[in-house]
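Pasted below: work-v1.txt, compact mmCIF, C-alpha atoms.
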# COMPACT_ATOMS: atom_id res chain seq x y z
CA MET Z 1 -10.47 0.83 32.47
CA LYS Z 2 -11.26 -1.81 29.86
CA PRO Z 3 -8.24 -3.65 28.41
CA GLY Z 4 -8.94 -2.33 24.89
CA GLU Z 5 -9.06 1.23 26.16
CA ARG Z 6 -5.81 0.87 28.08
CA ARG Z 7 -4.11 -0.59 24.99
CA ARG Z 8 -5.34 2.38 22.97
CA LEU Z 9 -3.96 4.85 25.52
CA LEU Z 10 -0.58 3.09 25.49
CA LEU Z 11 -0.51 3.31 21.70
CA LEU Z 12 -1.43 7.01 21.76
CA ALA Z 13 1.44 7.64 24.18
CA THR Z 14 3.79 5.67 21.90
CA VAL Z 15 2.73 7.58 18.78
CA GLY Z 16 3.28 10.88 20.61
CA GLU Z 17 6.71 9.72 21.72
CA ILE Z 18 7.67 8.60 18.18
CA ALA Z 19 6.62 11.99 16.76
CA ARG Z 20 8.57 13.81 19.50
CA VAL Z 21 11.85 11.90 19.75
CA GLY Z 22 11.91 9.81 16.55
CA THR Z 23 11.37 6.06 16.30
CA ARG Z 24 14.94 5.24 17.22
CA GLY Z 25 14.74 7.38 20.36
CA VAL Z 26 11.68 5.57 21.73
CA ARG Z 27 12.32 3.66 24.98
CA VAL Z 28 9.69 1.40 26.55
CA GLU Z 29 10.49 3.06 29.89
CA SER Z 30 9.71 6.57 28.60
CA VAL Z 31 6.44 5.45 27.02
CA ALA Z 32 5.49 3.78 30.32
CA ALA Z 33 6.34 6.97 32.25
CA GLU Z 34 4.38 9.08 29.74
CA ALA Z 35 1.34 6.79 30.06
CA GLY Z 36 1.72 6.48 33.85
CA VAL Z 37 2.02 2.68 33.81
CA SER Z 38 4.78 0.19 34.51
CA PRO Z 39 7.06 -1.03 31.70
CA ALA Z 40 5.84 -4.55 32.60
CA LEU Z 41 2.34 -3.63 31.45
CA ILE Z 42 3.71 -2.58 28.06
CA TYR Z 43 5.63 -5.85 27.72
CA HIS Z 44 2.43 -7.66 28.70
CA HIS Z 45 0.43 -6.00 25.92
CA PHE Z 46 3.03 -5.84 23.14
CA GLY Z 47 5.68 -8.47 23.87
CA ASP Z 48 8.73 -6.28 23.26
CA ARG Z 49 9.81 -2.91 21.90
CA SER Z 50 9.46 -4.12 18.29
CA GLY Z 51 5.94 -5.33 19.00
CA LEU Z 52 5.10 -1.95 20.48
CA LEU Z 53 6.43 -0.11 17.41
CA VAL Z 54 4.57 -2.33 14.95
CA ALA Z 55 1.34 -1.90 16.98
CA ALA Z 56 1.93 1.88 17.04
CA LEU Z 57 2.35 1.86 13.26
CA GLU Z 58 -0.95 -0.03 12.85
CA HIS Z 59 -2.52 2.52 15.17
CA VAL Z 60 -1.21 5.41 13.03
CA GLY Z 61 -2.82 3.71 10.02
CA ASP Z 62 -6.13 3.31 11.87
CA MET Z 63 -6.12 6.93 13.00
CA ALA Z 64 -5.45 8.20 9.47
CA HIS Z 65 -8.18 5.94 8.18
CA GLY Z 66 -10.48 7.49 10.79
CA TYR Z 67 -9.87 11.14 10.00
CA THR Z 68 -9.95 10.64 6.26
CA ALA Z 69 -13.10 8.45 6.35
CA ARG Z 70 -15.70 11.10 7.13
CA PRO Z 71 -14.62 13.65 4.50
CA ARG Z 72 -14.43 11.00 1.80
CA ARG Z 73 -18.02 9.83 2.34
CA ARG Z 74 -19.96 12.29 0.15
CA GLY Z 75 -20.01 13.73 -3.34
CA THR Z 76 -18.66 12.61 -6.68
CA GLY Z 77 -15.65 10.36 -7.02
CA LEU Z 78 -13.45 13.40 -7.67
CA ASP Z 79 -14.83 15.22 -4.60
CA ARG Z 80 -14.09 12.17 -2.51
CA VAL Z 81 -10.52 11.77 -3.77
CA ARG Z 82 -9.88 15.44 -3.00
CA ALA Z 83 -11.45 15.18 0.46
CA ALA Z 84 -9.63 11.99 1.40
CA LEU Z 85 -6.20 13.35 0.39
CA LEU Z 86 -6.69 16.88 1.77
CA ALA Z 87 -7.74 15.41 5.14
CA GLU Z 88 -4.10 14.35 5.57
CA ILE Z 89 -3.09 18.01 5.92
CA GLN Z 90 -5.13 19.81 8.59
CA ASP Z 91 -4.35 22.30 11.35
CA ASN Z 92 -5.05 19.83 14.04
CA ALA Z 93 -2.72 18.39 16.68
CA LEU Z 94 -3.90 14.82 16.11
CA VAL Z 95 -3.27 14.95 12.36
CA ARG Z 96 0.12 16.64 12.83
CA THR Z 97 1.29 14.12 15.43
CA ASN Z 98 -0.03 11.18 13.47
CA SER Z 99 1.59 12.38 10.23
CA ALA Z 100 4.91 13.08 11.95
CA ALA Z 101 4.86 9.59 13.50
CA TRP Z 102 4.07 8.06 10.10
CA GLY Z 103 7.09 9.82 8.60
CA GLU Z 104 9.33 8.71 11.45
CA LEU Z 105 8.18 5.09 11.21
CA ARG Z 106 8.46 5.07 7.41
CA ASP Z 107 12.05 6.29 7.65
CA ALA Z 108 12.94 4.00 10.57
CA ALA Z 109 11.86 1.10 8.33
CA ILE Z 110 14.98 1.82 6.23
CA PHE Z 111 16.98 0.10 8.97
CA ASP Z 112 14.32 -1.76 10.94
CA GLY Z 113 13.17 -4.81 9.00
CA THR Z 114 10.38 -5.60 11.49
CA LEU Z 115 8.52 -2.41 10.50
CA ARG Z 116 8.91 -2.93 6.76
CA PRO Z 117 6.08 -5.40 5.96
CA THR Z 118 3.55 -3.32 7.91
CA ILE Z 119 4.57 0.00 6.37
CA SER Z 120 4.46 -1.52 2.87
CA ARG Z 121 1.03 -3.07 3.50
CA LEU Z 122 -0.44 0.14 4.95
CA THR Z 123 0.93 2.16 2.04
CA GLU Z 124 -0.62 -0.29 -0.44
CA GLU Z 125 -3.97 -0.26 1.38
CA TRP Z 126 -4.03 3.53 1.42
CA SER Z 127 -3.18 3.66 -2.26
CA ALA Z 128 -5.80 1.01 -3.13
CA ALA Z 129 -8.50 2.95 -1.26
CA ILE Z 130 -7.65 6.09 -3.25
CA ALA Z 131 -7.56 4.08 -6.50
CA ASP Z 132 -11.13 2.90 -5.76
CA LEU Z 133 -12.28 6.51 -5.40
CA VAL Z 134 -10.50 7.48 -8.63
CA GLN Z 135 -12.21 4.59 -10.39
CA GLU Z 136 -15.52 5.78 -9.01
CA GLY Z 137 -14.82 9.25 -10.40
CA CYS Z 138 -14.10 7.72 -13.80
CA ASN Z 139 -17.39 5.81 -13.61
CA ASP Z 140 -19.54 8.76 -12.49
CA GLY Z 141 -17.94 11.14 -15.01
CA SER Z 142 -16.44 13.53 -12.45
CA ILE Z 143 -12.99 12.50 -13.71
CA SER Z 144 -12.98 12.80 -17.48
CA ALA Z 145 -9.41 11.62 -17.95
CA ILE Z 146 -6.26 10.94 -15.95
CA ALA Z 147 -3.17 12.90 -16.99
CA GLY Z 148 -0.73 10.90 -19.07
CA GLY Z 149 -3.26 8.08 -19.43
CA LEU Z 150 -2.22 6.71 -16.01
CA THR Z 151 -4.39 3.95 -14.56
CA PRO Z 152 -6.40 4.74 -11.40
CA GLN Z 153 -3.87 2.59 -9.52
CA SER Z 154 -0.85 4.51 -10.85
CA ALA Z 155 -2.53 7.84 -10.25
CA ALA Z 156 -3.33 6.79 -6.67
CA HIS Z 157 0.26 5.71 -6.07
CA ALA Z 158 1.52 9.06 -7.34
CA LEU Z 159 -1.02 11.13 -5.41
CA THR Z 160 -0.39 9.36 -2.10
CA ALA Z 161 3.40 9.71 -2.59
CA LEU Z 162 2.81 13.38 -3.33
CA VAL Z 163 0.83 13.72 -0.08
CA GLU Z 164 3.83 12.28 1.77
CA GLY Z 165 6.22 14.69 0.08
CA ILE Z 166 4.05 17.77 0.66
CA SER Z 167 3.30 16.62 4.21
CA GLY Z 168 7.02 16.53 5.08
CA ARG Z 169 7.39 20.14 3.92
CA TRP Z 170 4.25 21.14 5.82
CA LEU Z 171 5.26 19.44 9.07
CA ASN Z 172 8.68 21.08 9.17
CA GLY Z 173 7.19 24.50 8.51
CA SER Z 174 8.51 25.01 4.97
CA LEU Z 175 4.85 25.29 3.88
CA SER Z 176 1.88 26.68 5.82
CA THR Z 177 -1.24 24.50 6.09
CA ARG Z 178 -2.94 26.74 3.57
CA GLU Z 179 -0.09 26.58 1.06
CA ALA Z 180 0.31 22.83 1.48
CA ARG Z 181 -3.40 22.23 0.88
CA ALA Z 182 -3.51 24.60 -2.10
CA ARG Z 183 -0.56 22.85 -3.74
CA LEU Z 184 -1.97 19.42 -3.08
CA ARG Z 185 -5.33 20.42 -4.49
CA ALA Z 186 -3.78 21.92 -7.62
CA SER Z 187 -1.86 18.69 -8.22
CA ILE Z 188 -4.91 16.50 -7.66
CA ASP Z 189 -6.82 18.57 -10.18
CA ALA Z 190 -3.91 18.55 -12.63
CA THR Z 191 -3.75 14.76 -12.39
CA LEU Z 192 -7.45 13.97 -12.39
CA ALA Z 193 -9.63 16.80 -13.44
CA SER Z 194 -8.46 19.48 -15.77
CA PRO Z 195 -7.75 18.54 -19.35
CA PHE Z 196 -4.75 20.13 -21.04
CA PRO Z 197 -5.57 23.48 -22.63
CA GLY Z 198 -7.03 22.60 -25.98
CA GLY Z 199 -7.90 19.10 -24.78
CA PRO Z 200 -11.41 17.66 -24.64
CA ALA Z 201 -14.04 19.75 -22.84
CA HIS Z 202 -15.78 18.30 -19.79
CA MET W 1 45.45 16.94 4.77
CA LYS W 2 44.20 20.35 3.66
CA PRO W 3 41.68 22.01 5.99
CA GLY W 4 38.92 21.92 3.33
CA GLU W 5 39.46 18.24 2.76
CA ARG W 6 39.35 17.46 6.47
CA ARG W 7 36.12 19.46 6.82
CA ARG W 8 34.64 17.47 3.94
CA LEU W 9 35.57 14.15 5.56
CA LEU W 10 33.98 15.24 8.84
CA LEU W 11 30.79 16.17 7.00
CA LEU W 12 30.74 12.84 5.15
CA ALA W 13 31.04 11.03 8.49
CA THR W 14 28.23 13.18 9.91
CA VAL W 15 25.92 12.50 6.95
CA GLY W 16 26.56 8.76 7.30
CA GLU W 17 25.80 8.95 11.01
CA ILE W 18 22.56 10.90 10.41
CA ALA W 19 21.40 8.32 7.85
CA ARG W 20 22.29 5.48 10.21
CA VAL W 21 21.02 6.65 13.60
CA GLY W 22 18.71 9.56 12.74
CA THR W 23 19.42 13.24 13.30
CA ARG W 24 18.38 13.15 16.93
CA GLY W 25 20.69 10.22 17.64
CA VAL W 26 23.80 12.00 16.33
CA ARG W 27 26.45 12.71 18.99
CA VAL W 28 29.54 14.79 18.30
CA GLU W 29 31.56 12.09 20.07
CA SER W 30 30.35 9.32 17.74
CA VAL W 31 31.03 11.40 14.64
CA ALA W 32 34.52 12.11 15.96
CA ALA W 33 35.11 8.41 16.62
CA GLU W 34 33.78 7.52 13.17
CA ALA W 35 36.08 10.08 11.53
CA GLY W 36 39.04 9.16 13.76
CA VAL W 37 39.49 12.68 15.14
CA SER W 38 38.96 14.36 18.50
CA PRO W 39 35.61 15.97 19.35
CA ALA W 40 37.59 19.20 19.87
CA LEU W 41 38.41 19.29 16.15
CA ILE W 42 34.72 19.09 15.32
CA TYR W 43 33.93 21.93 17.71
CA HIS W 44 36.78 23.88 16.13
CA HIS W 45 35.30 23.48 12.63
CA PHE W 46 31.59 23.75 13.36
CA GLY W 47 31.16 25.54 16.69
CA ASP W 48 28.65 23.16 18.24
CA ARG W 49 26.38 20.22 17.45
CA SER W 50 23.80 22.49 15.77
CA GLY W 51 26.49 24.04 13.59
CA LEU W 52 27.62 20.55 12.60
CA LEU W 53 24.06 19.51 11.64
CA VAL W 54 23.42 22.65 9.59
CA ALA W 55 26.77 22.17 7.80
CA ALA W 56 25.86 18.51 7.17
CA LEU W 57 22.53 19.60 5.68
CA GLU W 58 24.31 22.04 3.35
CA HIS W 59 26.66 19.21 2.41
CA VAL W 60 23.70 16.93 1.60
CA GLY W 61 22.37 19.68 -0.68
CA ASP W 62 25.76 20.07 -2.37
CA MET W 63 26.09 16.33 -2.92
CA ALA W 64 22.61 16.08 -4.45
CA HIS W 65 23.43 19.06 -6.64
CA GLY W 66 26.56 17.20 -7.72
CA TYR W 67 24.97 13.90 -8.71
CA THR W 68 22.03 15.53 -10.46
CA ALA W 69 24.19 18.09 -12.32
CA ARG W 70 25.80 15.79 -14.86
CA PRO W 71 22.61 14.01 -16.04
CA ARG W 72 20.74 17.29 -16.38
CA ARG W 73 23.34 18.82 -18.69
CA ARG W 74 22.19 17.49 -22.08
CA GLY W 75 19.13 17.21 -24.26
CA THR W 76 15.82 19.04 -24.45
CA GLY W 77 14.25 20.75 -21.47
CA LEU W 78 12.03 17.72 -20.90
CA ASP W 79 15.01 15.33 -21.09
CA ARG W 80 16.83 17.44 -18.55
CA VAL W 81 13.90 17.59 -16.11
CA ARG W 82 13.59 13.81 -16.31
CA ALA W 83 17.32 13.25 -15.86
CA ALA W 84 17.62 15.68 -12.93
CA LEU W 85 14.72 14.11 -11.02
CA LEU W 86 15.52 10.48 -11.83
CA ALA W 87 19.11 11.02 -10.61
CA GLU W 88 17.64 11.27 -7.09
CA ILE W 89 16.78 7.55 -7.21
CA GLN W 90 19.78 5.40 -8.12
CA ASP W 91 21.20 2.11 -6.91
CA ASN W 92 24.23 3.74 -5.45
CA ALA W 93 25.35 3.89 -1.81
CA LEU W 94 26.13 7.61 -1.98
CA VAL W 95 22.68 8.51 -3.30
CA ARG W 96 20.94 6.23 -0.80
CA THR W 97 22.86 7.61 2.18
CA ASN W 98 22.45 11.18 1.03
CA SER W 99 18.70 10.76 0.44
CA ALA W 100 18.19 9.03 3.79
CA ALA W 101 20.07 11.85 5.55
CA TRP W 102 17.98 14.44 3.71
CA GLY W 103 14.79 12.75 4.94
CA GLU W 104 16.11 12.55 8.49
CA LEU W 105 17.14 16.21 8.51
CA ARG W 106 13.87 17.34 6.92
CA ASP W 107 11.91 15.51 9.61
CA ALA W 108 14.19 16.64 12.45
CA ALA W 109 13.43 20.22 11.37
CA ILE W 110 9.88 19.65 12.68
CA PHE W 111 11.33 20.10 16.17
CA ASP W 112 14.69 21.70 15.49
CA GLY W 113 14.24 25.34 14.53
CA THR W 114 17.93 25.79 13.69
CA LEU W 115 17.62 23.40 10.72
CA ARG W 116 14.43 24.95 9.36
CA PRO W 117 15.72 27.99 7.41
CA THR W 118 18.36 25.88 5.65
CA ILE W 119 15.98 23.06 4.74
CA SER W 120 13.42 25.55 3.41
CA ARG W 121 16.04 27.38 1.38
CA LEU W 122 17.52 24.19 -0.10
CA THR W 123 14.03 22.93 -0.98
CA GLU W 124 13.25 26.23 -2.71
CA GLU W 125 16.56 26.23 -4.60
CA TRP W 126 16.00 22.66 -5.80
CA SER W 127 12.50 23.51 -6.91
CA ALA W 128 13.64 26.70 -8.67
CA ALA W 129 16.34 24.77 -10.57
CA ILE W 130 13.71 22.28 -11.78
CA ALA W 131 11.33 25.11 -12.68
CA ASP W 132 14.08 26.60 -14.89
CA LEU W 133 14.41 23.30 -16.75
CA VAL W 134 10.61 23.07 -17.15
CA GLN W 135 10.58 26.60 -18.52
CA GLU W 136 13.33 25.62 -20.94
CA GLY W 137 11.23 22.66 -22.08
CA CYS W 138 8.29 25.00 -22.69
CA ASN W 139 10.58 27.29 -24.71
CA ASP W 140 12.18 24.55 -26.82
CA GLY W 141 8.83 22.82 -27.45
CA SER W 142 9.72 19.53 -25.71
CA ILE W 143 6.97 20.32 -23.17
CA SER W 144 3.84 21.21 -25.09
CA ALA W 145 1.69 21.85 -22.02
CA ILE W 146 1.73 21.35 -18.26
CA ALA W 147 -1.14 19.29 -16.82
CA GLY W 148 -3.84 21.40 -15.22
CA GLY W 149 -2.29 24.56 -16.62
CA LEU W 150 0.19 24.64 -13.70
CA THR W 151 3.01 27.15 -13.95
CA PRO W 152 6.57 25.80 -14.30
CA GLN W 153 7.08 26.82 -10.65
CA SER W 154 4.02 24.90 -9.40
CA ALA W 155 4.89 21.88 -11.50
CA ALA W 156 8.44 21.92 -10.11
CA HIS W 157 7.16 22.15 -6.54
CA ALA W 158 4.85 19.19 -7.14
CA LEU W 159 7.49 17.08 -8.91
CA THR W 160 10.15 17.65 -6.25
CA ALA W 161 7.62 16.83 -3.48
CA LEU W 162 6.74 13.70 -5.44
CA VAL W 163 10.43 12.73 -5.58
CA GLU W 164 10.55 13.04 -1.79
CA GLY W 165 7.45 10.88 -1.38
CA ILE W 166 8.60 8.18 -3.80
CA SER W 167 12.12 8.31 -2.35
CA GLY W 168 10.80 7.51 1.15
CA ARG W 169 9.07 4.41 -0.21
CA TRP W 170 12.17 3.42 -2.15
CA LEU W 171 14.58 3.87 0.76
CA ASN W 172 12.52 1.73 3.10
CA GLY W 173 12.21 -1.04 0.54
CA SER W 174 8.50 -0.66 -0.26
CA LEU W 175 9.56 0.01 -3.86
CA SER W 176 12.54 -1.38 -5.78
CA THR W 177 14.82 1.10 -7.56
CA ARG W 178 13.32 0.04 -10.85
CA GLU W 179 9.70 0.47 -9.67
CA ALA W 180 10.46 3.81 -8.00
CA ARG W 181 12.10 5.16 -11.17
CA ALA W 182 9.31 3.85 -13.42
CA ARG W 183 6.66 5.51 -11.25
CA LEU W 184 8.54 8.76 -11.06
CA ARG W 185 9.06 8.80 -14.80
CA ALA W 186 5.38 8.09 -15.49
CA SER W 187 4.38 10.97 -13.25
CA ILE W 188 6.87 13.37 -14.81
CA ASP W 189 5.50 12.51 -18.23
CA ALA W 190 1.91 12.78 -17.01
CA THR W 191 2.65 16.24 -15.63
CA LEU W 192 4.81 17.59 -18.42
CA ALA W 193 4.72 15.60 -21.57
CA SER W 194 1.72 13.57 -22.55
CA PRO W 195 -1.42 15.42 -23.44
CA PHE W 196 -4.74 13.92 -22.35
CA PRO W 197 -6.07 11.40 -24.84
CA GLY W 198 -7.71 13.48 -27.52
CA GLY W 199 -5.63 16.51 -26.54
CA PRO W 200 -3.28 18.38 -28.84
CA ALA W 201 -0.74 16.28 -30.70
CA HIS W 202 2.96 16.98 -30.18
Could I get this file's structure written as structure tokens?
Amino acid sequence: MKPGERRRLLLLATVGEIARVGTRGVRVESVAAEAGVSPALIYHHFGDRSGLLVAALEHVGDMAHGYTARPRRRGTGLDRVRAALLAEIQDNALVRTNSAAWGELRDAAIFDGTLRPTISRLTEEWSAAIADLVQEGCNDGSISAIAGGLTPQSAAHALTALVEGISGRWLNGSLSTREARARLRASIDATLASPFPGGPAH
Amino acid sequence: MKPGERRRLLLLATVGEIARVGTRGVRVESVAAEAGVSPALIYHHFGDRSGLLVAALEHVGDMAHGYTARPRRRGTGLDRVRAALLAEIQDNALVRTNSAAWGELRDAAIFDGTLRPTISRLTEEWSAAIADLVQEGCNDGSISAIAGGLTPQSAAHALTALVEGISGRWLNGSLSTREARARLRASIDATLASPFPGGPAH
């Protein structure tokens, strides 16, 4: 096995463990057992438990970037915003595990200062990528106005925060995948697409 | 100490413990030590660990109801929606601890089926209370239209999910209290108050 591939497998095992037992429950020994390697190999790759958690958080960001990249490739700016955000809520074990791990790491950062800079940076990057798509929609005319006169940046911050809120309700079963996606889509369209009744026509 | 008061103190200790170590890290023994009582007393009041967690979740809901009740008492419907939602983000140890515990319990419900019905019910009750205030704003004219033609119920679902998303970023320090409140307020106004540029005047 190539070193990069082994590192990836260790991170996958860590993300699964975070989603299953919560960030604070993760032990290097359990991840090693799960991945079928020695704890020493994990220390070799990641330094210590904190290093492993930060690397797992980066991995969660990469994975999310991966499964939202394809859907956001085509169509108008508005289509691409919708596709990128809706890809965060899919009936798919990878997306569920990744989203659950994201939530666990985000909340662990309340007490764990070593996770904080990475979670803030990934959140900003995600939001900036959505803001670019919103801007594109404004340029190509697919977004005629943003509700409340928000900037593309503010709208992207709100929409990504909304994804996190809806995602929490979806993951714990308060909302079905279908309901969660329908609500998210309605809010995207309310923020970006549909003028108020009596407002300007498209 | 009256029995109700003792129960309340045990729940406060439990909520603090959930916020501090995560739901899955909570042990009846640690809560007992924190509250200065015997584990037997906790079993007497709550049956078992699950009973304690469900009671703590109800308590979190009651507390949030308490600190959002006063601000939402006065003004127009729109004022009251704003006040009720903004009260969820305050520089105040009680609100921080309560919100962190809510997030931990919501995410623990992904794996803990005994928490799920209570978290879903509390989420629905919160959303219904906000929907009533939105409806009031539509009736008294302080809300002239809802973005995207959403119903008061859909708008309330979206706004409460948004509070949860912004709250996660606030609790982990990605957003200051001031930034979190400013963003939440801008989104409330974008959803409920400000027509699109060129839309109907108030």
Residue contacts of range 154-162 of chain Z (6 Å, only C-alpha atoms) excluding same-chain residues fewer than 2 positions away, as JSON, numbers by chain
{"Z": [127, 130, 131, 150, 151, 152, 164, 165], "W": [161, 162, 165, 166]}
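Applying the 10 Å criterion to (15.7, 16.0, -27.0) in file coordinates and using only C-alpha atoms, one obtains the residues Arg74, Gly75, Thr76, Gly77, Leu78, Asp79, Arg80, Gly137, Asp140, Gly141 and Ser142 of chain W.
Residues from chain W that have an atom within 6 Å of chain Z, counting only C-alpha atoms, are Ala109, Ile110, Ser120, Ala147, Gly148, Ala161, Leu162, Glu164, Gly165, Ile166, Leu171, Asn172, Ser174, Ala190, Ser194, Phe196 and Gly199 of chain W.
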Give me, as a compact mmCIF listing (two decimals) with C-alpha atoms, in the coordinates of the input, all polymer residues having an atom no more than 8 Å from range 8-16 of chain Z, counting only C-alpha atoms and skipping those fewer than 6 positions away in the same chain.
# COMPACT_ATOMS: atom_id res chain seq x y z
CA VAL Z 26 11.68 5.57 21.73
CA VAL Z 31 6.44 5.45 27.02
CA ALA Z 32 5.49 3.78 30.32
CA GLU Z 34 4.38 9.08 29.74
CA ALA Z 35 1.34 6.79 30.06
CA ILE Z 42 3.71 -2.58 28.06
CA LEU Z 52 5.10 -1.95 20.48
CA LEU Z 53 6.43 -0.11 17.41
CA ALA Z 55 1.34 -1.90 16.98
CA ALA Z 56 1.93 1.88 17.04
CA LEU Z 57 2.35 1.86 13.26
CA HIS Z 59 -2.52 2.52 15.17
CA VAL Z 60 -1.21 5.41 13.03
CA THR Z 97 1.29 14.12 15.43
CA ASN Z 98 -0.03 11.18 13.47
CA ALA Z 101 4.86 9.59 13.50
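Among the candidates Z:Val81, Z:Glu5, Z:Arg181, Z:Glu29, the one nearest to Gln135 in chain Z when counting all atoms listed in the file is Z:Val81.
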